[in-house]
file run.csv (CSV, C-alpha atoms)
chain,number,residue,atom,x,y,z
A,11,MET,CA,73.1,66.4,28.4
A,12,THR,CA,73.6,62.6,28.4
A,13,ILE,CA,74.7,61.2,31.7
A,14,GLY,CA,75.9,57.6,31.8
A,15,ARG,CA,78.8,55.4,31.1
A,16,ASN,CA,78.1,55.4,27.3
A,17,LEU,CA,77.7,58.1,24.7
A,18,THR,CA,74.0,57.1,24.4
A,19,ASP,CA,71.5,55.6,26.7
A,20,PRO,CA,70.8,52.0,25.4
A,21,THR,CA,68.1,51.4,28.1
A,22,ARG,CA,65.8,53.5,25.9
A,23,ALA,CA,65.3,50.3,23.9
A,24,LEU,CA,63.1,49.1,26.8
A,25,ALA,CA,60.5,51.6,25.8
A,26,GLY,CA,60.7,50.6,22.1
A,27,ALA,CA,62.6,53.7,21.1
A,28,ASP,CA,64.4,54.1,17.8
A,29,LEU,CA,67.9,54.7,19.2
A,30,GLU,CA,69.1,56.5,16.1
A,31,ALA,CA,66.0,58.6,15.4
A,32,GLY,CA,66.7,62.1,14.3
A,33,THR,CA,70.3,61.4,13.3
A,34,LYS,CA,71.7,62.2,9.8
A,35,ASP,CA,73.1,59.8,7.2
A,36,PRO,CA,76.9,59.7,7.8
A,37,THR,CA,78.0,60.6,4.2
A,38,TYR,CA,80.7,63.0,3.2
A,39,GLU,CA,78.1,65.2,1.5
A,40,ASN,CA,76.1,65.6,4.7
A,41,ILE,CA,79.1,66.8,6.8
A,42,GLN,CA,79.1,70.4,7.8
A,43,VAL,CA,82.3,72.3,8.8
A,44,PRO,CA,82.4,73.5,11.4
A,45,GLU,CA,79.9,71.3,13.3
A,46,ASP,CA,79.8,70.9,17.0
A,47,PHE,CA,79.2,67.8,19.1
A,48,GLY,CA,78.3,67.5,22.7
A,49,PRO,CA,78.7,68.3,25.4
A,50,VAL,CA,78.1,64.7,26.6
A,51,GLU,CA,78.8,63.8,30.2
A,52,VAL,CA,80.2,60.3,30.8
A,53,LEU,CA,80.5,58.6,34.2
A,54,VAL,CA,83.8,56.8,34.8
A,55,ASP,CA,82.4,54.1,37.0
A,56,ASP,CA,83.7,50.7,38.1
A,57,PHE,CA,81.9,48.9,35.2
A,58,LYS,CA,83.4,51.2,32.5
A,59,ILE,CA,86.9,50.6,33.7
A,60,LYS,CA,86.4,46.8,34.1
A,61,ARG,CA,84.7,46.6,30.7
A,62,PHE,CA,87.7,48.3,29.1
A,63,ALA,CA,90.0,45.9,30.9
A,64,PHE,CA,88.2,43.1,29.1
A,65,VAL,CA,88.2,44.6,25.6
A,66,ALA,CA,91.9,45.7,25.8
A,67,ASP,CA,93.1,42.8,28.0
A,68,ASP,CA,94.6,45.5,30.2
A,69,PHE,CA,94.2,44.6,33.9
A,70,GLY,CA,96.9,46.9,35.6
A,71,ASP,CA,96.8,47.5,39.3
A,72,TRP,CA,96.4,51.3,38.8
A,73,TYR,CA,93.0,50.6,37.1
A,74,LEU,CA,91.7,47.9,39.4
A,75,LYS,CA,93.3,48.6,42.8
A,76,ALA,CA,95.0,52.0,43.4
A,77,SER,CA,97.2,54.4,41.6
A,78,PRO,CA,100.0,56.9,42.4
A,79,TRP,CA,97.2,59.6,42.5
A,80,GLY,CA,95.4,57.7,45.2
A,81,PRO,CA,92.1,56.5,43.7
A,82,ARG,CA,92.0,54.1,40.8
A,83,ILE,CA,92.4,55.7,37.3
A,84,GLY,CA,91.1,54.7,33.9
A,85,GLN,CA,93.3,53.0,31.3
A,86,PRO,CA,94.9,55.5,28.9
A,87,GLY,CA,92.6,54.5,26.1
A,88,LEU,CA,89.4,54.5,28.3
A,89,LEU,CA,87.9,57.6,26.6
A,90,ALA,CA,89.5,57.3,23.2
A,91,ASN,CA,86.5,55.7,21.5
A,92,ASP,CA,84.1,58.0,23.2
A,93,LEU,CA,85.9,61.0,21.8
A,94,LEU,CA,86.2,59.4,18.3
A,95,GLN,CA,82.5,58.5,18.2
A,96,LEU,CA,81.2,61.8,19.4
A,97,PHE,CA,80.0,62.5,15.9
A,98,THR,CA,77.4,59.7,16.2
A,99,THR,CA,75.4,61.9,18.5
A,100,ARG,CA,74.3,63.6,15.3
A,101,TYR,CA,75.0,60.9,12.7
A,102,ALA,CA,73.5,57.4,12.6
A,103,ALA,CA,76.1,55.1,14.1
A,104,SER,CA,74.8,51.9,12.5
A,105,ARG,CA,75.0,53.5,9.0
A,106,VAL,CA,78.7,54.3,9.3
A,107,VAL,CA,80.8,52.4,6.9
A,108,GLY,CA,84.0,54.4,7.1
A,109,LEU,CA,87.7,53.9,7.7
A,110,HIS,CA,89.7,55.6,10.4
A,111,THR,CA,93.0,56.7,8.8
A,112,SER,CA,94.9,58.6,11.6
A,113,GLU,CA,94.5,59.3,15.3
A,114,GLU,CA,96.3,61.6,17.7
A,115,LEU,CA,95.8,62.0,21.5
A,116,TRP,CA,97.4,64.2,24.1
A,117,PHE,CA,97.2,63.0,27.7
A,118,ASP,CA,97.2,65.9,30.2
A,119,ARG,CA,95.7,64.4,33.4
A,120,PRO,CA,94.6,61.0,34.5
A,121,VAL,CA,90.9,60.1,34.4
A,122,LEU,CA,89.8,59.1,37.9
A,123,LEU,CA,87.3,56.5,39.1
A,124,GLY,CA,84.0,58.2,39.9
A,125,GLN,CA,84.6,61.3,37.7
A,126,ARG,CA,81.9,62.7,35.5
A,127,VAL,CA,83.8,63.7,32.4
A,128,ARG,CA,82.5,66.2,29.9
A,129,LEU,CA,83.1,65.4,26.2
A,130,SER,CA,82.8,67.9,23.4
A,131,GLY,CA,84.1,68.0,19.8
A,132,ARG,CA,83.9,69.7,16.4
A,133,TYR,CA,84.4,68.9,12.8
A,134,VAL,CA,87.2,71.3,11.7
A,135,ASP,CA,88.0,70.2,8.1
A,136,LYS,CA,86.9,68.0,5.2
A,137,TYR,CA,88.7,67.1,2.0
A,138,VAL,CA,88.9,64.6,-0.8
A,139,HIS,CA,92.0,62.5,-1.3
A,140,ARG,CA,92.4,59.7,-3.9
A,141,GLY,CA,88.7,59.9,-4.4
A,142,GLN,CA,87.8,59.4,-0.8
A,143,GLY,CA,86.1,62.0,1.3
A,144,SER,CA,87.7,62.5,4.7
A,145,VAL,CA,86.7,64.6,7.7
A,146,VAL,CA,88.8,65.9,10.6
A,147,MET,CA,87.5,66.0,14.1
A,148,GLU,CA,89.0,67.6,17.2
A,149,ALA,CA,87.6,66.8,20.6
A,150,GLU,CA,88.5,66.9,24.3
A,151,ALA,CA,87.5,65.5,27.7
A,152,ARG,CA,87.3,67.8,30.7
A,153,ASP,CA,86.6,67.3,34.4
A,154,HIS,CA,84.1,69.4,36.3
A,155,ASP,CA,86.7,71.9,37.2
A,156,ASP,CA,87.2,72.5,33.5
A,157,ASN,CA,90.6,70.9,33.4
A,158,VAL,CA,91.5,69.2,30.2
A,159,LEU,CA,92.2,65.5,30.6
A,160,ILE,CA,92.6,64.2,27.1
A,161,ARG,CA,92.6,65.9,23.6
A,162,HIS,CA,91.8,64.1,20.4
A,163,ARG,CA,92.4,64.8,16.7
A,164,GLY,CA,91.3,62.1,14.2
A,165,VAL,CA,90.7,61.7,10.4
A,166,GLU,CA,88.0,59.4,9.1
A,167,ILE,CA,87.1,58.4,5.5
A,168,MET,CA,83.3,58.6,5.3
A,169,ARG,CA,81.2,56.0,3.5
A,170,THR,CA,83.7,53.8,1.7
A,171,GLN,CA,84.3,50.2,1.0
A,172,PRO,CA,86.9,49.1,3.6
A,173,GLY,CA,87.6,45.9,1.7
A,174,GLU,CA,88.8,47.9,-1.3
A,175,VAL,CA,90.8,50.7,0.3
A,176,GLY,CA,92.3,48.9,3.3
A,177,GLY,CA,96.1,48.6,3.0
A,178,ARG,CA,96.8,51.8,1.0
A,179,GLY,CA,98.6,53.6,3.8
A,180,SER,CA,102.3,54.1,4.3
A,181,ALA,CA,104.7,53.9,7.2
A,182,GLY,CA,105.5,57.6,6.9
A,183,GLY,CA,103.7,60.4,8.7
A,184,GLY,CA,103.6,63.8,10.2
A,185,GLU,CA,106.8,63.2,12.1
A,186,ASN,CA,108.8,63.0,8.8
A,187,ARG,CA,110.3,59.7,9.6
A,188,ARG,CA,109.3,56.2,8.5
A,189,VAL,CA,108.5,53.5,11.0
A,190,THR,CA,110.0,50.2,10.1
A,191,GLY,CA,109.2,48.0,13.0
A,192,GLU,CA,112.9,47.3,13.5
A,193,TYR,CA,115.2,47.9,16.5
A,194,ASP,CA,118.8,47.3,17.4
A,195,THR,CA,119.0,43.6,18.3
A,196,SER,CA,122.4,44.0,19.9
A,197,LEU,CA,120.7,45.9,22.7
A,198,PRO,CA,118.4,44.4,25.4
A,199,LEU,CA,114.7,45.0,25.2
A,200,VAL,CA,113.4,47.5,27.7
A,201,GLU,CA,110.0,47.3,29.5
A,202,ARG,CA,110.1,50.6,31.4
A,203,LEU,CA,111.9,53.8,30.4
A,204,GLY,CA,113.7,55.4,33.3
A,205,ARG,CA,116.1,52.6,33.8
A,206,SER,CA,118.7,51.7,31.2
A,207,VAL,CA,117.8,53.3,27.9
A,208,ALA,CA,119.5,54.2,24.6
A,209,PRO,CA,118.5,55.1,21.1
A,210,GLY,CA,117.8,52.0,19.0
A,211,MET,CA,116.6,50.0,22.0
A,212,GLY,CA,113.4,48.0,21.4
A,213,LEU,CA,110.4,48.0,23.8
A,214,LEU,CA,109.4,44.6,25.3
A,215,PRO,CA,106.4,43.9,23.0
A,216,LEU,CA,102.8,43.2,24.0
A,217,GLN,CA,101.2,40.1,22.6
A,218,LYS,CA,97.4,40.3,21.9
A,219,GLU,CA,94.9,37.9,20.5
A,220,VAL,CA,92.1,39.7,18.8
A,221,THR,CA,88.8,38.0,19.8
A,222,PHE,CA,85.5,38.9,18.2
A,223,GLU,CA,83.9,39.3,21.6
A,224,GLN,CA,86.4,42.0,22.6
A,225,MET,CA,86.1,43.7,19.2
A,226,ALA,CA,82.3,43.7,19.5
A,227,VAL,CA,82.1,45.2,23.0
A,228,PHE,CA,84.7,47.9,22.2
A,229,SER,CA,82.8,48.8,19.0
A,230,ARG,CA,79.6,49.6,21.0
A,231,LEU,CA,77.6,46.4,20.8
A,232,GLY,CA,76.3,47.3,24.2
A,233,GLU,CA,74.7,50.4,22.7
A,234,PHE,CA,73.0,48.3,20.0
A,235,VAL,CA,75.3,49.8,17.3
A,236,ARG,CA,76.0,47.6,14.3
A,237,ASN,CA,79.1,48.2,12.2
A,238,ILE,CA,82.0,46.5,10.4
A,239,HIS,CA,83.7,45.7,13.7
A,240,ASN,CA,80.9,43.9,15.5
A,241,ASP,CA,78.5,42.5,12.9
A,242,LEU,CA,79.3,39.8,10.3
A,243,VAL,CA,76.5,40.9,7.9
A,244,THR,CA,77.6,44.5,7.9
A,245,ALA,CA,81.2,43.6,7.4
A,246,ARG,CA,80.5,41.4,4.4
A,247,GLY,CA,78.3,44.2,3.0
A,248,ALA,CA,81.5,46.3,3.1
A,249,GLY,CA,83.5,43.8,1.1
A,250,LEU,CA,85.1,42.0,4.1
A,251,ASP,CA,85.3,38.3,5.0
A,252,VAL,CA,84.9,38.9,8.7
A,253,PRO,CA,84.7,42.0,10.9
A,254,ILE,CA,88.0,43.9,11.3
A,255,LEU,CA,89.5,45.4,14.4
A,256,GLN,CA,88.6,49.1,14.9
A,257,GLY,CA,91.6,51.3,14.4
A,258,GLN,CA,90.9,53.0,17.7
A,259,GLN,CA,91.2,49.7,19.5
A,260,GLN,CA,94.7,49.3,18.0
A,261,PHE,CA,95.5,52.8,19.2
A,262,CYS,CA,94.5,51.7,22.8
A,263,TYR,CA,97.0,48.8,22.6
A,264,LEU,CA,99.7,51.3,21.7
A,265,ALA,CA,98.7,53.6,24.5
A,266,GLU,CA,99.0,50.7,26.9
A,267,LEU,CA,102.5,50.0,25.6
A,268,CYS,CA,103.4,53.7,26.2
A,269,ALA,CA,101.9,53.8,29.7
A,270,ARG,CA,103.9,50.7,30.6
A,271,ALA,CA,107.1,52.3,29.2
A,272,PHE,CA,106.7,55.8,30.7
A,273,GLY,CA,104.7,55.1,33.9
A,274,ARG,CA,102.8,58.0,35.5
A,275,ASN,CA,104.6,60.4,33.1
A,276,TRP,CA,102.4,59.1,30.3
A,277,PHE,CA,99.2,60.3,31.9
A,278,THR,CA,100.5,63.9,32.5
A,279,GLY,CA,102.2,64.7,29.3
A,280,GLY,CA,102.1,61.8,26.9
A,281,TRP,CA,101.5,62.2,23.1
A,282,LEU,CA,100.7,59.5,20.6
A,283,LYS,CA,100.0,59.8,16.9
A,284,VAL,CA,99.2,56.8,14.6
A,285,LYS,CA,98.4,55.9,11.1
A,286,PHE,CA,96.3,52.9,10.2
A,287,ILE,CA,97.7,51.3,7.1
A,288,ARG,CA,96.4,47.7,6.9
A,289,PRO,CA,93.3,46.0,8.5
A,290,ILE,CA,93.5,43.4,11.2
A,291,LYS,CA,90.8,40.7,11.0
A,292,ALA,CA,89.0,39.1,13.9
A,293,PHE,CA,90.8,36.1,15.5
A,294,GLU,CA,94.3,37.4,14.5
A,295,ALA,CA,97.3,37.3,16.9
A,296,ILE,CA,99.2,40.6,16.9
A,297,GLU,CA,102.3,42.1,18.4
A,298,VAL,CA,102.5,45.7,19.7
A,299,GLY,CA,106.0,47.0,19.8
A,300,GLY,CA,108.2,50.1,19.7
A,301,VAL,CA,111.8,51.5,19.6
A,302,VAL,CA,113.5,54.4,21.3
A,303,ARG,CA,114.4,56.9,18.7
A,304,GLU,CA,115.7,60.0,20.5
A,305,LEU,CA,116.6,61.3,24.0
A,306,GLU,CA,116.6,65.1,24.3
A,307,PRO,CA,117.6,66.8,27.6
A,308,ASP,CA,115.1,69.5,28.7
A,309,GLY,CA,116.2,71.0,31.9
A,310,PRO,CA,115.8,68.5,34.8
A,311,ARG,CA,113.8,66.2,32.4
A,312,THR,CA,114.6,64.2,29.3
A,313,VAL,CA,112.1,64.0,26.4
A,314,ILE,CA,112.0,60.5,24.9
A,315,ASP,CA,110.7,59.9,21.4
A,316,LEU,CA,109.5,56.5,20.3
A,317,ASP,CA,108.4,54.8,17.1
A,318,VAL,CA,105.6,52.3,17.7
A,319,TRP,CA,103.7,49.8,15.7
A,320,VAL,CA,101.2,47.0,15.6
A,321,ARG,CA,102.4,43.9,13.6
A,322,ARG,CA,100.0,41.4,12.1
A,323,SER,CA,100.3,37.7,12.3
A,324,ASP,CA,101.8,37.6,8.7
A,325,GLY,CA,104.6,39.9,9.9
A,326,SER,CA,103.4,43.1,8.1
A,327,LEU,CA,102.7,46.3,9.9
A,328,ALA,CA,99.1,47.2,10.4
A,329,THR,CA,99.5,50.4,12.3
A,330,VAL,CA,102.5,52.8,12.8
A,331,GLY,CA,103.0,55.7,15.1
A,332,TRP,CA,105.1,58.1,17.0
A,333,ALA,CA,105.0,58.7,20.8
A,334,ARG,CA,106.6,61.2,23.2
A,335,ALA,CA,106.8,61.9,26.9
A,336,SER,CA,109.3,63.2,29.3
A,337,VAL,CA,110.9,61.6,32.4
A,338,ASP,CA,113.0,62.8,35.3
A,339,SER,CA,116.5,62.9,34.0
A,340,SER,CA,117.9,61.7,37.4
A,341,SER,CA,115.9,58.4,36.9
A,342,LEU,CA,117.6,57.6,33.7
A,343,THR,CA,120.6,55.3,33.3
A,344,ARG,CA,122.2,55.4,29.9
A,345,ALA,CA,122.5,51.9,28.5
A,346,ILE,CA,126.0,50.7,27.7
A,347,ILE,CA,126.1,50.1,24.0
A,348,PRO,CA,128.2,47.1,23.0
A,349,SER,CA,131.0,48.0,20.6
A,350,ARG,CA,130.2,47.2,17.0
A,351,SER,CA,132.2,47.3,13.8
A,352,VAL,CA,131.5,50.2,11.4
A,353,THR,CA,130.0,47.8,8.9
A,354,ASP,CA,127.3,46.4,11.2
A,355,ARG,CA,126.6,49.5,13.3
A,356,ARG,CA,123.1,51.0,12.9
A,357,ASP,CA,122.1,54.4,14.2
A,358,ASP,CA,118.7,54.0,16.0
A,359,VAL,CA,116.9,51.7,13.5
A,360,ALA,CA,117.2,51.0,9.8
A,361,VAL,CA,115.3,53.6,7.8
A,362,GLY,CA,113.2,52.5,4.9
A,363,ALA,CA,109.6,51.9,3.8
A,364,THR,CA,107.8,48.8,5.1
A,365,ALA,CA,104.5,49.7,3.5
A,366,ASP,CA,104.0,51.5,0.3
A,367,ARG,CA,101.0,53.5,-0.9

call {"tool": "encode", "arguments": {"input": "run.csv", "output": "structure tokens"}}
result
Amino acid sequence: MTIGRNLTDPTRALAGADLEAGTKDPTYENIQVPEDFGPVEVLVDDFKIKRFAFVADDFGDWYLKASPWGPRIGQPGLLANDLLQLFTTRYAASRVVGLHTSEELWFDRPVLLGQRVRLSGRYVDKYVHRGQGSVVMEAEARDHDDNVLIRHRGVEIMRTQPGEVGGRGSAGGGENRRVTGEYDTSLPLVERLGRSVAPGMGLLPLQKEVTFEQMAVFSRLGEFVRNIHNDLVTARGAGLDVPILQGQQQFCYLAELCARAFGRNWFTGGWLKVKFIRPIKAFEAIEVGGVVRELEPDGPRTVIDLDVWVRRSDGSLATVGWARASVDSSSLTRAIIPSRSVTDRRDDVAVGATADR
């Protein structure tokens, strides 16, 4: 079992080892279903948390000082890429030229500083859609008491030309509603849910500048992996002008937005599902936003549903998603909705496609 802060041990390079020796070519034809990955044991140390703070530009006090659980915790997306990349313990990471199309995570418990976390996963399905071979993986992270911390389900197109298929996605998804990137502008933006909140209210957005250095570190440059996210030659070989932002890194931005909105509730019951519909290039400035869609009482708690998105610098949506968590109903104050005429009133947000297949 691997023990370290990475999926693999890059220090083996000191002995001249071939770091991907014995791994398979990551093609659709080579994929077996079912196929198991792990277990891999990962140490959540100070460096891992600080490294993630750099790549995600997420320097919250809970991660660097102390948290409501006492010790520092990892950012919500800290293990997201580890779970996604588990398949590269059997398949050659530097020969992957794929495209992540959808991602789903469930957050059950916070990841604590100093924990040794056990990662395991399995390919559960493979299929061909529009001529592209996709594979579905499910994975999870558990602590040493066998408690589930985070669960993952992702879909990846294997061995494709990202420059040709990027941008085919749509803003619809498994939640049967389309994400438009719109909210009710007559209502104030909200940063944290649990204060004034109402359907249609937009979340105060996060502003991110995608630097190549952050992309490269997130996409495993430190493990000597070369891919379309951290290497210019590989990106151009895949039909791209420059490296593109890994979909999982966008997912982590959205998880940050949700953690800010829901607070500690996000780490003990949050759910986030996203679809990646357009690529984001290195050096772009992006906006990470969301809107409150529904509030549903559930005993002493209230379940809040969000639509979330990542918007590119040209105004188009790159990623769309759906998020959910519950909060203590006693902490909620319903926002007072200004009166509006029938003609200009919108229920929640405008419904309609913003990206077509």

call {"tool": "closest_residue", "arguments": {"input": "run.csv", "among": "A:Ala269, A:Leu242, A:Ile287, A:Leu24", "to": "His110 (chain A)", "atoms": "all atoms listed in the file"}}
result
A:Ile287

call {"tool": "closest_residue", "arguments": {"input": "run.csv", "among": "A:Leu129, A:Ala151, A:Ala76, A:Ala328", "to": "Phe117 (chain A)", "atoms": "all atoms listed in the file"}}
result
A:Ala151

call {"tool": "atom_distance", "arguments": {"input": "run.csv", "atom1": "CA of Gln224 (chain A)", "atom2": "CA of Phe64 (chain A)"}}
result
6.8 Å

call {"tool": "atom_distance", "arguments": {"input": "run.csv", "atom1": "CA of Ser336 (chain A)", "atom2": "CA of Asp317 (chain A)"}}
result
14.8 Å

call {"tool": "residues_around", "arguments": {"input": "run.csv", "residues": "Pro310 (chain A)", "least_positions_apart": "5", "cutoff": "10 Å", "atoms": "only C-alpha atoms", "output": "JSON list (two decimals) with C-alpha atoms, in the coordinates of the input"}}
result
[["chain", "number", "residue", "atom", "x", "y", "z"],
["A", 337, "VAL", "CA", 110.90, 61.60, 32.40],
["A", 338, "ASP", "CA", 113.00, 62.80, 35.30],
["A", 339, "SER", "CA", 116.50, 62.90, 34.00],
["A", 340, "SER", "CA", 117.90, 61.70, 37.40]]

call {"tool": "atom_distance", "arguments": {"input": "run.csv", "atom1": "CA of Val106 (chain A)", "atom2": "CA of Asn237 (chain A)"}}
result
6.8 Å

call {"tool": "closest_residue", "arguments": {"input": "run.csv", "among": "A:Pro36, A:Pro289, A:Gly204, A:Gly273", "to": "Gly70 (chain A)", "atoms": "all atoms listed in the file"}}
result
A:Gly273

call {"tool": "closest_residue", "arguments": {"input": "run.csv", "among": "A:Thr190, A:Gln217, A:Thr111, A:Ser206", "to": "Gly164 (chain A)", "atoms": "only C-alpha atoms"}}
result
A:Thr111

call {"tool": "closest_residue", "arguments": {"input": "run.csv", "among": "A:Asp68, A:Glu266, A:Glu201, A:Glu233", "to": "Thr21 (chain A)", "atoms": "all atoms listed in the file"}}
result
A:Glu233

call {"tool": "residues_around", "arguments": {"input": "run.csv", "residues": "Ile314 (chain A)", "least_positions_apart": "6", "cutoff": "7 Å", "atoms": "only C-alpha atoms", "output": "PyMOL selection string"}}
result
chain A and resi 304-306+334-336

call {"tool": "closest_residue", "arguments": {"input": "run.csv", "among": "A:Met168, A:Ser112, A:Pro78, A:Glu150", "to": "Asn40 (chain A)", "atoms": "all atoms listed in the file"}}
result
A:Met168

call {"tool": "residues_around", "arguments": {"input": "run.csv", "residues": "region 124-127 of chain A", "least_positions_apart": "5", "cutoff": "8 Å", "atoms": "all atoms listed in the file", "output": "JSON, numbers by chain"}}
result
{"A": [51, 52, 53, 54, 55, 56, 151, 152, 153, 154]}

call {"tool": "residues_around", "arguments": {"input": "run.csv", "residues": "Gln85 (chain A)", "least_positions_apart": "5", "cutoff": "10 Å", "atoms": "all atoms listed in the file", "output": "tab-separated table (two decimals) with C-alpha atoms, keeping the file's coordinate frame"}}
result
chain	number	residue	atom	x	y	z
A	59	ILE	CA	86.90	50.60	33.70
A	60	LYS	CA	86.40	46.80	34.10
A	62	PHE	CA	87.70	48.30	29.10
A	63	ALA	CA	90.00	45.90	30.90
A	66	ALA	CA	91.90	45.70	25.80
A	68	ASP	CA	94.60	45.50	30.20
A	69	PHE	CA	94.20	44.60	33.90
A	70	GLY	CA	96.90	46.90	35.60
A	72	TRP	CA	96.40	51.30	38.80
A	73	TYR	CA	93.00	50.60	37.10
A	74	LEU	CA	91.70	47.90	39.40
A	90	ALA	CA	89.50	57.30	23.20
A	120	PRO	CA	94.60	61.00	34.50
A	121	VAL	CA	90.90	60.10	34.40
A	122	LEU	CA	89.80	59.10	37.90
A	262	CYS	CA	94.50	51.70	22.80
A	265	ALA	CA	98.70	53.60	24.50
A	266	GLU	CA	99.00	50.70	26.90
A	269	ALA	CA	101.90	53.80	29.70
A	277	PHE	CA	99.20	60.30	31.90

call {"tool": "residues_around", "arguments": {"input": "run.csv", "residues": "Asp315 (chain A)", "least_positions_apart": "5", "cutoff": "12 Å", "atoms": "only C-alpha atoms", "output": "MDAnalysis selection string"}}
result
chainID A and resid 185 187 203 207:211 268 271:272 280:283 300:307 331:337 358

call {"tool": "residues_near_point", "arguments": {"input": "run.csv", "point": "(73.5, 44.6, 18.6)", "cutoff": "12 Å", "atoms": "all atoms listed in the file", "output": "number ranges by chain"}}
result
A: 20, 23, 29, 103-104, 226-227, 229-244

call {"tool": "decode", "arguments": {"input": "run.csv", "residues": "region 213-251 of chain A", "atoms": "C-alpha atoms", "output": "PDB file, in the first residue's frame"}}
result
ATOM      1  CA  LEU A 213     -24.550  33.679  -4.308  1.00  0.00           C
ATOM      2  CA  LEU A 214     -21.759  36.215  -4.005  1.00  0.00           C
ATOM      3  CA  PRO A 215     -19.404  34.914  -6.721  1.00  0.00           C
ATOM      4  CA  LEU A 216     -15.778  33.885  -6.415  1.00  0.00           C
ATOM      5  CA  GLN A 217     -13.309  35.458  -8.824  1.00  0.00           C
ATOM      6  CA  LYS A 218     -10.434  33.264  -9.972  1.00  0.00           C
ATOM      7  CA  GLU A 219      -7.514  33.822 -12.314  1.00  0.00           C
ATOM      8  CA  VAL A 220      -6.334  30.537 -13.768  1.00  0.00           C
ATOM      9  CA  THR A 221      -2.548  30.553 -13.701  1.00  0.00           C
ATOM     10  CA  PHE A 222      -0.536  27.867 -15.432  1.00  0.00           C
ATOM     11  CA  GLU A 223       1.500  27.295 -12.273  1.00  0.00           C
ATOM     12  CA  GLN A 224      -1.634  26.437 -10.293  1.00  0.00           C
ATOM     13  CA  MET A 225      -2.933  24.200 -13.087  1.00  0.00           C
ATOM     14  CA  ALA A 226       0.348  22.339 -13.368  1.00  0.00           C
ATOM     15  CA  VAL A 227       0.658  21.598  -9.654  1.00  0.00           C
ATOM     16  CA  PHE A 228      -2.988  20.520  -9.365  1.00  0.00           C
ATOM     17  CA  SER A 229      -2.530  18.196 -12.354  1.00  0.00           C
ATOM     18  CA  ARG A 230       0.315  16.282 -10.702  1.00  0.00           C
ATOM     19  CA  LEU A 231       3.428  17.961 -12.019  1.00  0.00           C
ATOM     20  CA  GLY A 232       4.972  17.091  -8.658  1.00  0.00           C
ATOM     21  CA  GLU A 233       4.604  13.400  -9.532  1.00  0.00           C
ATOM     22  CA  PHE A 234       6.288  13.922 -12.930  1.00  0.00           C
ATOM     23  CA  VAL A 235       2.985  13.312 -14.735  1.00  0.00           C
ATOM     24  CA  ARG A 236       2.671  15.018 -18.138  1.00  0.00           C
ATOM     25  CA  ASN A 237      -0.785  15.781 -19.519  1.00  0.00           C
ATOM     26  CA  ILE A 238      -2.898  18.344 -21.385  1.00  0.00           C
ATOM     27  CA  HIS A 239      -3.199  20.401 -18.184  1.00  0.00           C
ATOM     28  CA  ASN A 240       0.462  20.817 -17.259  1.00  0.00           C
ATOM     29  CA  ASP A 241       2.495  20.416 -20.462  1.00  0.00           C
ATOM     30  CA  LEU A 242       2.382  22.590 -23.589  1.00  0.00           C
ATOM     31  CA  VAL A 243       3.687  19.893 -25.965  1.00  0.00           C
ATOM     32  CA  THR A 244       1.100  17.368 -24.791  1.00  0.00           C
ATOM     33  CA  ALA A 245      -1.680  19.948 -25.040  1.00  0.00           C
ATOM     34  CA  ARG A 246      -0.775  20.877 -28.613  1.00  0.00           C
ATOM     35  CA  GLY A 247      -0.596  17.210 -29.540  1.00  0.00           C
ATOM     36  CA  ALA A 248      -4.225  17.006 -28.432  1.00  0.00           C
ATOM     37  CA  GLY A 249      -5.294  19.872 -30.696  1.00  0.00           C
ATOM     38  CA  LEU A 250      -5.131  22.652 -28.084  1.00  0.00           C
ATOM     39  CA  ASP A 251      -3.328  25.988 -28.276  1.00  0.00           C
TER      40      ASP A 251
END
